[in-house]
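Student: Below is the file structure_16.cif, which contains mmCIF, C-alpha atoms.
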data_coords
loop_
_atom_site.group_PDB
_atom_site.id
_atom_site.type_symbol
_atom_site.label_atom_id
_atom_site.label_comp_id
_atom_site.auth_asym_id
_atom_site.auth_seq_id
_atom_site.Cartn_x
_atom_site.Cartn_y
_atom_site.Cartn_z
ATOM 1 C CA MET A 1 36.352 57.321 31.281
ATOM 2 C CA CYS A 2 36.422 56.670 27.567
ATOM 3 C CA SER A 3 39.688 56.946 25.731
ATOM 4 C CA ILE A 4 39.979 58.883 22.504
ATOM 5 C CA GLY A 5 42.327 57.933 19.720
ATOM 6 C CA THR A 6 43.488 59.899 16.727
ATOM 7 C CA GLU A 7 40.604 58.440 14.764
ATOM 8 C CA ASP A 8 38.230 60.614 16.854
ATOM 9 C CA SER A 9 39.941 63.924 16.097
ATOM 10 C CA LYS A 10 37.149 64.821 13.666
ATOM 11 C CA GLU A 11 34.608 64.222 16.428
ATOM 12 C CA ILE A 12 36.595 66.470 18.779
ATOM 13 C CA GLU A 13 36.785 69.222 16.186
ATOM 14 C CA SER A 14 33.051 68.862 15.560
ATOM 15 C CA PHE A 15 32.423 69.111 19.298
ATOM 16 C CA GLY A 16 34.528 72.282 19.361
ATOM 17 C CA ARG A 17 32.355 73.747 16.612
ATOM 18 C CA ARG A 18 29.316 72.901 18.697
ATOM 19 C CA LEU A 19 30.846 74.728 21.661
ATOM 20 C CA ILE A 20 31.083 77.828 19.496
ATOM 21 C CA ALA A 21 27.566 77.469 18.060
ATOM 22 C CA GLU A 22 25.868 76.930 21.421
ATOM 23 C CA GLY A 23 28.397 78.642 23.650
ATOM 24 C CA SER A 24 27.021 82.135 23.081
ATOM 25 C CA LEU A 25 24.067 81.117 25.246
ATOM 26 C CA TYR A 26 26.415 80.911 28.231
ATOM 27 C CA LEU A 27 28.424 84.074 27.579
ATOM 28 C CA PRO A 28 27.611 87.332 29.405
ATOM 29 C CA ALA A 29 25.384 89.602 27.308
ATOM 30 C CA ALA A 30 28.073 92.308 27.188
ATOM 31 C CA TYR A 31 30.402 89.976 25.277
ATOM 32 C CA ALA A 32 28.414 90.506 22.073
ATOM 33 C CA LYS A 33 28.689 94.289 22.455
ATOM 34 C CA TYR A 34 32.472 94.178 22.943
ATOM 35 C CA ARG A 35 33.007 91.537 20.238
ATOM 36 C CA LYS A 36 34.273 88.851 22.592
ATOM 37 C CA LEU A 37 33.790 85.713 20.550
ATOM 38 C CA LEU A 38 34.442 82.023 21.041
ATOM 39 C CA PHE A 39 37.045 80.597 18.691
ATOM 40 C CA ILE A 40 38.721 77.203 18.271
ATOM 41 C CA GLU A 41 42.216 76.558 16.983
ATOM 42 C CA GLN A 42 44.600 73.640 16.827
ATOM 43 C CA LYS A 43 47.871 74.090 18.689
ATOM 44 C CA ASP A 44 50.512 71.401 19.236
ATOM 45 C CA GLY A 45 48.066 68.813 17.931
ATOM 46 C CA GLN A 46 45.340 69.768 20.414
ATOM 47 C CA TRP A 47 42.093 71.603 19.740
ATOM 48 C CA GLN A 48 41.593 74.584 22.051
ATOM 49 C CA LEU A 49 38.629 76.847 22.663
ATOM 50 C CA CYS A 50 39.430 80.454 23.518
ATOM 51 C CA ILE A 51 37.788 83.862 23.726
ATOM 52 C CA LYS A 52 39.048 86.322 21.113
ATOM 53 C CA ASP A 53 38.640 89.957 22.092
ATOM 54 C CA GLY A 54 41.061 91.751 19.777
ATOM 55 C CA CYS A 55 43.096 93.024 22.740
ATOM 56 C CA GLY A 56 46.762 92.581 23.482
ATOM 57 C CA HIS A 57 47.385 90.691 26.714
ATOM 58 C CA LEU A 58 50.316 90.721 29.096
ATOM 59 C CA GLU A 59 50.152 86.939 29.345
ATOM 60 C CA PRO A 60 48.288 84.166 27.501
ATOM 61 C CA MET A 61 44.646 84.019 28.546
ATOM 62 C CA PRO A 62 43.014 80.754 29.697
ATOM 63 C CA VAL A 63 41.979 78.256 27.029
ATOM 64 C CA LEU A 64 39.667 75.262 27.174
ATOM 65 C CA ASN A 65 41.049 71.919 26.027
ATOM 66 C CA VAL A 66 38.322 70.642 23.678
ATOM 67 C CA ARG A 67 39.312 66.984 24.112
ATOM 68 C CA GLU A 68 38.987 67.200 27.892
ATOM 69 C CA ALA A 69 35.634 68.979 27.570
ATOM 70 C CA TYR A 70 34.508 66.262 25.132
ATOM 71 C CA LEU A 71 35.306 63.593 27.699
ATOM 72 C CA GLN A 72 33.659 65.525 30.548
ATOM 73 C CA CYS A 73 30.510 65.680 28.460
ATOM 74 C CA ARG A 74 30.609 61.932 27.785
ATOM 75 C CA ARG A 75 31.471 62.378 24.129
ATOM 76 C CA GLY A 76 29.162 65.372 23.902
ATOM 77 C CA GLU A 77 26.026 63.579 25.112
ATOM 78 C CA ASP A 78 25.840 65.089 28.619
ATOM 79 C CA THR A 79 24.121 68.466 28.130
ATOM 80 C CA GLU A 80 24.276 69.348 31.828
ATOM 81 C CA ASN A 81 28.048 69.056 31.888
ATOM 82 C CA PHE A 82 28.170 70.923 28.566
ATOM 83 C CA ALA A 83 26.780 74.017 30.301
ATOM 84 C CA LYS A 84 29.020 73.586 33.356
ATOM 85 C CA VAL A 85 32.173 73.317 31.224
ATOM 86 C CA LEU A 86 31.424 76.556 29.389
ATOM 87 C CA VAL A 87 30.382 78.488 32.498
ATOM 88 C CA GLN A 88 33.536 77.379 34.322
ATOM 89 C CA TYR A 89 35.728 78.413 31.387
ATOM 90 C CA VAL A 90 34.099 81.867 31.195
ATOM 91 C CA SER A 91 34.637 82.264 34.938
ATOM 92 C CA GLU A 92 38.370 81.442 34.583
ATOM 93 C CA TYR A 93 38.679 83.854 31.669
ATOM 94 C CA GLU A 94 37.021 86.701 33.569
ATOM 95 C CA LYS A 95 39.180 86.092 36.638
ATOM 96 C CA ALA A 96 42.322 86.297 34.475
ATOM 97 C CA GLU A 97 40.967 89.391 32.718
ATOM 98 C CA LYS A 98 40.346 91.206 36.008
ATOM 99 C CA GLU A 99 43.827 90.371 37.261
ATOM 100 C CA GLU A 100 45.350 91.623 34.007
ATOM 101 C CA GLN A 101 43.387 94.883 34.187
ATOM 102 C CA ARG A 102 44.671 95.399 37.719
ATOM 103 C CA ARG A 103 48.255 94.827 36.576
ATOM 104 C CA LYS A 104 47.835 97.131 33.568
ATOM 105 C CA LYS A 105 46.509 99.870 35.829
ATOM 106 C CA LEU A 106 49.548 99.531 38.083
ATOM 107 C CA LEU A 107 51.871 99.617 35.070
ATOM 108 C CA THR A 108 50.155 102.714 33.679
ATOM 109 C CA GLY A 109 50.492 104.475 37.030
ATOM 110 C CA LEU A 110 54.124 103.445 37.198
ATOM 111 C CA CYS A 111 54.767 105.146 33.855
ATOM 112 C CA GLU A 112 53.371 108.550 34.820
ATOM 113 C CA GLU A 113 56.860 109.671 35.829
ATOM 114 C CA PHE A 114 60.236 108.489 34.563
ATOM 115 C CA PRO A 115 60.547 105.008 36.141
ATOM 116 C CA ASN A 116 64.340 104.928 36.119
ATOM 117 C CA GLU A 117 64.433 102.198 38.775
ATOM 118 C CA GLN A 118 62.095 99.884 36.822
ATOM 119 C CA LEU A 119 63.772 99.639 33.418
ATOM 120 C CA PHE A 120 65.232 96.571 31.749
ATOM 121 C CA PHE A 121 66.560 95.590 28.311
ATOM 122 C CA ALA A 122 64.698 93.578 25.688
ATOM 123 C CA LEU A 123 66.278 92.339 22.448
ATOM 124 C CA LEU A 124 64.013 91.789 19.438
ATOM 125 C CA PRO A 125 64.833 90.586 15.915
ATOM 126 C CA GLU A 126 65.852 93.494 13.681
ATOM 127 C CA GLY A 127 63.032 92.664 11.261
ATOM 128 C CA SER A 128 60.316 92.875 13.918
ATOM 129 C CA GLY A 129 59.498 96.495 13.074
ATOM 130 C CA ALA A 130 60.378 97.666 16.575
ATOM 131 C CA ALA A 131 62.672 100.397 15.257
ATOM 132 C CA GLY A 132 59.698 102.354 13.983
ATOM 133 C CA ARG A 133 57.728 102.149 17.222
ATOM 134 C CA PHE A 134 60.172 102.218 20.109
ATOM 135 C CA PRO A 135 63.293 104.184 21.012
ATOM 136 C CA GLY A 136 66.292 101.856 20.879
ATOM 137 C CA ARG A 137 69.354 100.911 18.883
ATOM 138 C CA SER A 138 70.331 98.384 16.222
ATOM 139 C CA MET A 139 72.756 95.646 17.217
ATOM 140 C CA GLY A 140 73.400 93.552 14.128
ATOM 141 C CA GLU A 141 70.380 91.290 13.632
ATOM 142 C CA ALA A 142 68.907 92.505 16.931
ATOM 143 C CA PHE A 143 67.158 95.694 17.950
ATOM 144 C CA LEU A 144 67.421 96.828 21.566
ATOM 145 C CA ILE A 145 64.355 98.354 23.220
ATOM 146 C CA TYR A 146 63.576 99.350 26.794
ATOM 147 C CA ALA A 147 60.755 98.120 28.989
ATOM 148 C CA VAL A 148 59.200 99.054 32.310
ATOM 149 C CA GLY A 149 58.821 96.077 34.628
ATOM 150 C CA LEU A 150 56.532 95.468 37.566
ATOM 151 C CA ILE A 151 57.215 92.586 39.937
ATOM 152 C CA GLY A 152 54.423 91.086 41.986
ATOM 153 C CA LYS A 153 53.020 87.730 43.042
ATOM 154 C CA GLY A 154 56.156 85.970 41.862
ATOM 155 C CA ARG A 155 56.070 87.230 38.284
ATOM 156 C CA LEU A 156 57.220 90.083 36.076
ATOM 157 C CA ASP A 157 54.845 92.167 33.961
ATOM 158 C CA MET A 158 56.260 94.536 31.381
ATOM 159 C CA ILE A 159 55.290 97.323 29.041
ATOM 160 C CA ALA A 160 57.608 98.510 26.254
ATOM 161 C CA VAL A 161 58.779 102.111 26.375
ATOM 162 C CA THR A 162 57.267 103.919 23.375
ATOM 163 C CA ARG A 163 58.552 107.074 21.744
ATOM 164 C CA GLU A 164 55.578 108.938 23.213
ATOM 165 C CA MET A 165 56.458 107.770 26.727
ATOM 166 C CA ALA A 166 60.100 108.802 26.315
ATOM 167 C CA GLU A 167 59.046 112.253 25.064
ATOM 168 C CA LYS A 168 56.702 112.646 28.028
ATOM 169 C CA TRP A 169 59.589 111.895 30.398
ATOM 170 C CA GLY A 170 61.986 114.097 28.452
ATOM 171 C CA ALA A 171 64.359 111.126 28.212
ATOM 172 C CA GLU A 172 66.692 110.774 25.234
ATOM 173 C CA GLU A 173 67.573 107.275 24.016
ATOM 174 C CA GLU A 174 71.055 107.518 25.517
ATOM 175 C CA THR A 175 69.493 108.389 28.889
ATOM 176 C CA LEU A 176 67.246 105.330 28.621
ATOM 177 C CA TYR A 177 70.280 103.175 27.829
ATOM 178 C CA GLN A 178 72.371 104.422 30.743
ATOM 179 C CA GLU A 179 69.519 104.231 33.272
ATOM 180 C CA THR A 180 68.544 100.755 32.083
ATOM 181 C CA LYS A 181 72.140 99.557 32.277
ATOM 182 C CA ARG A 182 72.097 100.583 35.926
ATOM 183 C CA SER A 183 68.663 99.272 36.949
ATOM 184 C CA ALA A 184 68.224 96.120 34.827
ATOM 185 C CA PRO A 185 70.528 93.766 36.783
ATOM 186 C CA PHE A 186 68.439 94.373 39.913
ATOM 187 C CA LEU A 187 65.057 94.074 38.208
ATOM 188 C CA MET A 188 66.022 91.162 35.936
ATOM 189 C CA PRO A 189 68.687 88.981 37.594
ATOM 190 C CA TYR A 190 70.109 86.327 35.304
ATOM 191 C CA GLN A 191 70.531 82.596 35.743
ATOM 192 C CA ILE A 192 72.869 80.141 34.007
ATOM 193 C CA LEU A 193 71.808 76.521 33.519
ATOM 194 C CA GLU A 194 74.285 73.836 32.500
ATOM 195 C CA GLU A 195 73.087 71.440 29.798
ATOM 196 C CA LYS A 196 74.715 68.365 28.275
ATOM 197 C CA LEU A 197 74.158 66.728 24.906
ATOM 198 C CA PHE A 198 73.811 62.929 24.740
ATOM 199 C CA THR A 199 77.296 62.920 23.194
ATOM 200 C CA GLY A 200 78.699 64.575 26.306
ATOM 201 C CA GLU A 201 79.327 68.136 25.096
ATOM 202 C CA ILE A 202 78.393 70.839 27.584
ATOM 203 C CA TYR A 203 76.705 74.134 26.844
ATOM 204 C CA TYR A 204 74.804 76.689 28.924
ATOM 205 C CA ILE A 205 71.375 78.300 28.851
ATOM 206 C CA ILE A 206 71.220 81.952 29.898
ATOM 207 C CA THR A 207 67.916 83.558 30.845
ATOM 208 C CA GLY A 208 66.318 85.826 33.435
ATOM 209 C CA ILE A 209 65.026 84.438 36.702
ATOM 210 C CA TRP A 210 61.465 85.343 35.663
ATOM 211 C CA GLY A 211 61.617 83.033 32.650
ATOM 212 C CA CYS A 212 60.841 85.812 30.168
ATOM 213 C CA TRP A 213 62.746 88.557 28.313
ATOM 214 C CA GLY A 214 66.011 87.163 29.629
ATOM 215 C CA LEU A 215 67.945 87.746 26.399
ATOM 216 C CA GLY A 216 68.572 91.317 27.529
ATOM 217 C CA THR A 217 70.751 90.026 30.389
ATOM 218 C CA LEU A 218 73.479 89.400 27.789
ATOM 219 C CA LEU A 219 74.081 93.152 27.798
ATOM 220 C CA TYR A 220 75.106 93.339 31.463
ATOM 221 C CA GLN A 221 78.752 94.308 31.808
ATOM 222 C CA ASP A 222 79.135 92.198 34.953
ATOM 223 C CA GLY A 223 76.692 89.589 33.754
ATOM 224 C CA PRO A 224 76.304 85.983 32.635
ATOM 225 C CA LEU A 225 78.709 86.175 29.700
ATOM 226 C CA GLN A 226 81.519 87.597 31.789
ATOM 227 C CA GLU A 227 80.859 85.005 34.507
ATOM 228 C CA LEU A 228 80.890 82.109 32.048
ATOM 229 C CA ALA A 229 83.921 83.382 30.133
ATOM 230 C CA GLN A 230 85.920 83.663 33.342
ATOM 231 C CA GLU A 231 84.818 80.237 34.538
ATOM 232 C CA LYS A 232 85.697 78.580 31.212
ATOM 233 C CA ASN A 233 88.754 80.805 30.592
ATOM 234 C CA SER A 234 87.444 81.172 27.062
ATOM 235 C CA ASP A 235 85.602 83.420 24.650
ATOM 236 C CA LEU A 236 82.013 82.375 23.970
ATOM 237 C CA TYR A 237 79.726 81.714 21.044
ATOM 238 C CA VAL A 238 76.180 82.831 21.806
ATOM 239 C CA LEU A 239 73.129 81.413 20.018
ATOM 240 C CA PRO A 240 69.968 83.457 20.765
ATOM 241 C CA LEU A 241 67.149 80.904 20.997
ATOM 242 C CA SER A 242 64.337 83.413 21.517
ATOM 243 C CA VAL A 243 63.749 86.841 23.034
ATOM 244 C CA HIS A 244 63.781 85.040 26.391
ATOM 245 C CA GLU A 245 66.983 82.974 26.395
ATOM 246 C CA ALA A 246 70.257 82.116 24.692
ATOM 247 C CA ALA A 247 72.630 79.162 24.550
ATOM 248 C CA ALA A 248 76.328 79.838 25.218
ATOM 249 C CA PHE A 249 79.258 77.673 24.093
ATOM 250 C CA ALA A 250 82.907 77.898 25.126
ATOM 251 C CA ALA A 251 84.965 78.786 22.041
ATOM 252 C CA THR A 252 87.760 76.495 23.240
ATOM 253 C CA GLU A 253 85.376 73.516 23.165
ATOM 254 C CA TRP A 254 83.124 74.235 20.193
ATOM 255 C CA ASP A 255 83.654 74.966 16.507
ATOM 256 C CA VAL A 256 81.550 77.915 15.339
ATOM 257 C CA ALA A 257 80.902 76.075 12.058
ATOM 258 C CA ASP A 258 78.793 73.578 14.023
ATOM 259 C CA LEU A 259 76.606 76.398 15.335
ATOM 260 C CA LEU A 260 76.036 78.523 12.240
ATOM 261 C CA GLU A 261 73.464 76.228 10.646
ATOM 262 C CA PRO A 262 71.369 75.894 13.857
ATOM 263 C CA GLY A 263 71.697 79.654 14.189
ATOM 264 C CA ARG A 264 70.162 80.199 10.772
ATOM 265 C CA LYS A 265 67.430 77.608 11.275
ATOM 266 C CA ILE A 266 66.227 77.890 14.869
ATOM 267 C CA SER A 267 67.192 81.363 16.027
ATOM 268 C CA PRO A 268 64.695 84.162 15.344
ATOM 269 C CA PHE A 269 67.786 86.360 14.946
ATOM 270 C CA GLY A 270 69.377 84.003 12.404
ATOM 271 C CA ALA A 271 72.825 84.547 13.838
ATOM 272 C CA VAL A 272 75.518 83.411 16.256
ATOM 273 C CA TRP A 273 77.063 86.158 18.394
ATOM 274 C CA TYR A 274 80.551 86.270 19.870
ATOM 275 C CA TYR A 275 81.668 87.327 23.346
ATOM 276 C CA SER A 276 85.268 88.446 23.880
ATOM 277 C CA ARG A 277 86.577 87.619 27.342
ATOM 278 C CA ARG A 278 89.354 90.210 27.140
ATOM 279 C CA ALA A 279 87.220 93.020 25.709
ATOM 280 C CA LYS A 280 84.295 92.087 28.022
ATOM 281 C CA SER A 281 81.939 92.822 25.140
ATOM 282 C CA LEU A 282 79.452 90.992 22.940
ATOM 283 C CA ALA A 283 79.956 91.214 19.167
ATOM 284 C CA PHE A 284 76.683 91.127 17.234
ATOM 285 C CA THR A 285 78.319 91.378 13.795
ATOM 286 C CA GLU A 286 81.347 90.017 11.997
ATOM 287 C CA LYS A 287 82.781 93.546 11.866
ATOM 288 C CA GLU A 288 82.657 93.785 15.652
ATOM 289 C CA ARG A 289 84.176 90.336 15.996
ATOM 290 C CA MET A 290 87.053 91.277 13.690
ATOM 291 C CA ALA A 291 87.626 94.386 15.795
ATOM 292 C CA PHE A 292 87.993 92.169 18.847
ATOM 293 C CA ALA A 293 90.517 90.046 16.936
ATOM 294 C CA GLN A 294 92.534 93.178 16.253
ATOM 295 C CA MET A 295 92.513 93.948 19.954
ATOM 296 C CA GLU A 296 94.230 90.637 20.588
ATOM 297 C CA LYS A 297 97.107 91.916 18.473
ATOM 298 C CA TYR A 298 97.254 95.579 19.369
ATOM 299 C CA GLY A 299 95.816 95.835 22.857
ATOM 300 C CA ILE A 300 92.502 96.261 24.586
ATOM 301 C CA PRO A 301 90.645 99.569 24.105
ATOM 302 C CA ASP A 302 89.174 101.558 26.937
ATOM 303 C CA ALA A 303 85.431 101.666 27.698
ATOM 304 C CA ALA A 304 84.768 104.535 25.269
ATOM 305 C CA GLU A 305 86.483 102.698 22.413
ATOM 306 C CA ARG A 306 84.542 99.506 23.158
ATOM 307 C CA SER A 307 81.297 101.496 23.039
ATOM 308 C CA GLU A 308 82.265 102.930 19.654
ATOM 309 C CA ILE A 309 82.995 99.464 18.253
ATOM 310 C CA SER A 310 79.681 98.036 19.464
ATOM 311 C CA GLY A 311 77.706 101.099 18.401
ATOM 312 C CA THR A 312 76.413 101.952 21.870
ATOM 313 C CA GLU A 313 77.247 105.628 21.648
#
Show how you would write the structure in this file as structure tokens.
Tutor:
Amino acid sequence: MCSIGTEDSKEIESFGRRLIAEGSLYLPAAYAKYRKLLFIEQKDGQWQLCIKDGCGHLEPMPVLNVREAYLQCRRGEDTENFAKVLVQYVSEYEKAEKEEQRRKKLLTGLCEEFPNEQLFFALLPEGSGAAGRFPGRSMGEAFLIYAVGLIGKGRLDMIAVTREMAEKWGAEEETLYQETKRSAPFLMPYQILEEKLFTGEIYYIITGIWGCWGLGTLLYQDGPLQELAQEKNSDLYVLPLSVHEAAAFAATEWDVADLLEPGRKISPFGAVWYYSRRAKSLAFTEKERMAFAQMEKYGIPDAAERSEISGTE
């Protein structure tokens, strides 16, 4: 098989354009009616061919690696393989599309009645616009929403709870919060992974066992933060890396000043959060953190007072 260097990237892009130009011949006729079009884009330095349909998908749809297709077609000269590559890609796309439609149908059926056993938390950046579309609550630079989850074939599918869905169920936001607090730990168990820098410092990655939307596990009262804080006998600094996971650092071993800059640069939330071992609560803002500091002096509040500090009531 021929090897391709960076000097051939223009050839690969050109081949991708040819896939688009000639690919319509191998697409089902209905694709034109429903505006399913071939499209190429460069991602992580690789050209990819995909089908754009204007629809939101539960998971990423299959893509065709243009470089690999270029090689399969002997640098574009093998027209027989050219047809096979496209037909195979369309087949993979349609298989994924059918599976997604089946999962969406199950999720829609699940949402006909209040699915109080299938709810879990999701934390989004405050600036994501979620506040206008979903029932939830602001938590500093984060906005908490609720999602309905469906587990099957070793994966978790989800659909966000909209205001229309909540109205249909007759569920107030506080009801959603309380029911989710009860059901989420069973639907979305957490996992803690120990990591070590080359300089020897240890930190921890917290996520859900499904590998997605695990940031919401930080809200569990008997969850990963409490477990880590007890194990380390320390408060924690929490750096949200994405909506799926966070990094946690023992406050007795790390200086928060070393985390603030990474927090601003790499976190979509632009912040570092603080977990109080004694209060058993996560502070999303400096005001909440200062309230925890006051507790150290004047005593620990009860559950209702902690809820008032964190804005969960």
Student: Go through A:Gln191, A:Ser183, A:Ser14, A:Gln178 one by one, measure the shortest atom-to-atom distance of each to Tyr204 in chain A using only C-alpha atoms, and give the residue with the smallest value.
Tutor: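 Smallest distance to Tyr204 in chain A is found for A:Gln191.
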Student: Tell me which protein, DNA and RNA residues are within 12 Å of Asp258 in chain A, counting only C-alpha atoms, leaving out same-chain ones fewer than 3 positions away, and put them as a PyMOL selection string.
Tutor: chain A and resi 237+239+249+251+253-255+261-264+272
Student: Can I get the selection written as a PDB file, in the coordinates of the input, with C-alpha atoms?
Tutor:
ATOM      1  CA  TYR A 237      79.726  81.714  21.044  1.00  0.00           C
ATOM      2  CA  LEU A 239      73.129  81.413  20.018  1.00  0.00           C
ATOM      3  CA  PHE A 249      79.258  77.673  24.093  1.00  0.00           C
ATOM      4  CA  ALA A 251      84.965  78.786  22.041  1.00  0.00           C
ATOM      5  CA  GLU A 253      85.376  73.516  23.165  1.00  0.00           C
ATOM      6  CA  TRP A 254      83.124  74.235  20.193  1.00  0.00           C
ATOM      7  CA  ASP A 255      83.654  74.966  16.507  1.00  0.00           C
ATOM      8  CA  GLU A 261      73.464  76.228  10.646  1.00  0.00           C
ATOM      9  CA  PRO A 262      71.369  75.894  13.857  1.00  0.00           C
ATOM     10  CA  GLY A 263      71.697  79.654  14.189  1.00  0.00           C
ATOM     11  CA  ARG A 264      70.162  80.199  10.772  1.00  0.00           C
ATOM     12  CA  VAL A 272      75.518  83.411  16.256  1.00  0.00           C
TER      13      VAL A 272
END
Student: Please evaluate the PyMOL selection byres ((chain A and resi 131-143) around 9) against the displayed coordinates and give the resulting residues as a PyMOL selection string.
Tutor: chain A and resi 122-130+144-146+160-164+166+172-174+176-177+269-271+283-286+310-312
Student: Kindly give the distance, in Å, that separates CA of Gln226 in chain A and CA of Ser267 in chain A, rounded to a single decimal.
Tutor: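 That distance, rounded to one decimal, is 22.2 Å.
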Student: Quick one: of A:Glu117, A:Val243, A:Ala147, A:Gly208, who's nearest to Arg182 in chain A, counting only C-alpha atoms?
Tutor: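 Selected residue with least distance to Arg182 in chain A: A:Glu117.
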Student: Please identify all polymer residues within 12 Å of Leu64 in chain A, counting only C-alpha atoms, omitting same-chain residues fewer than 5 positions from it, and present them as a ChimeraX atom specification.
Tutor: /A:16,19-20,38-43,46-51,69-70,72,85-93
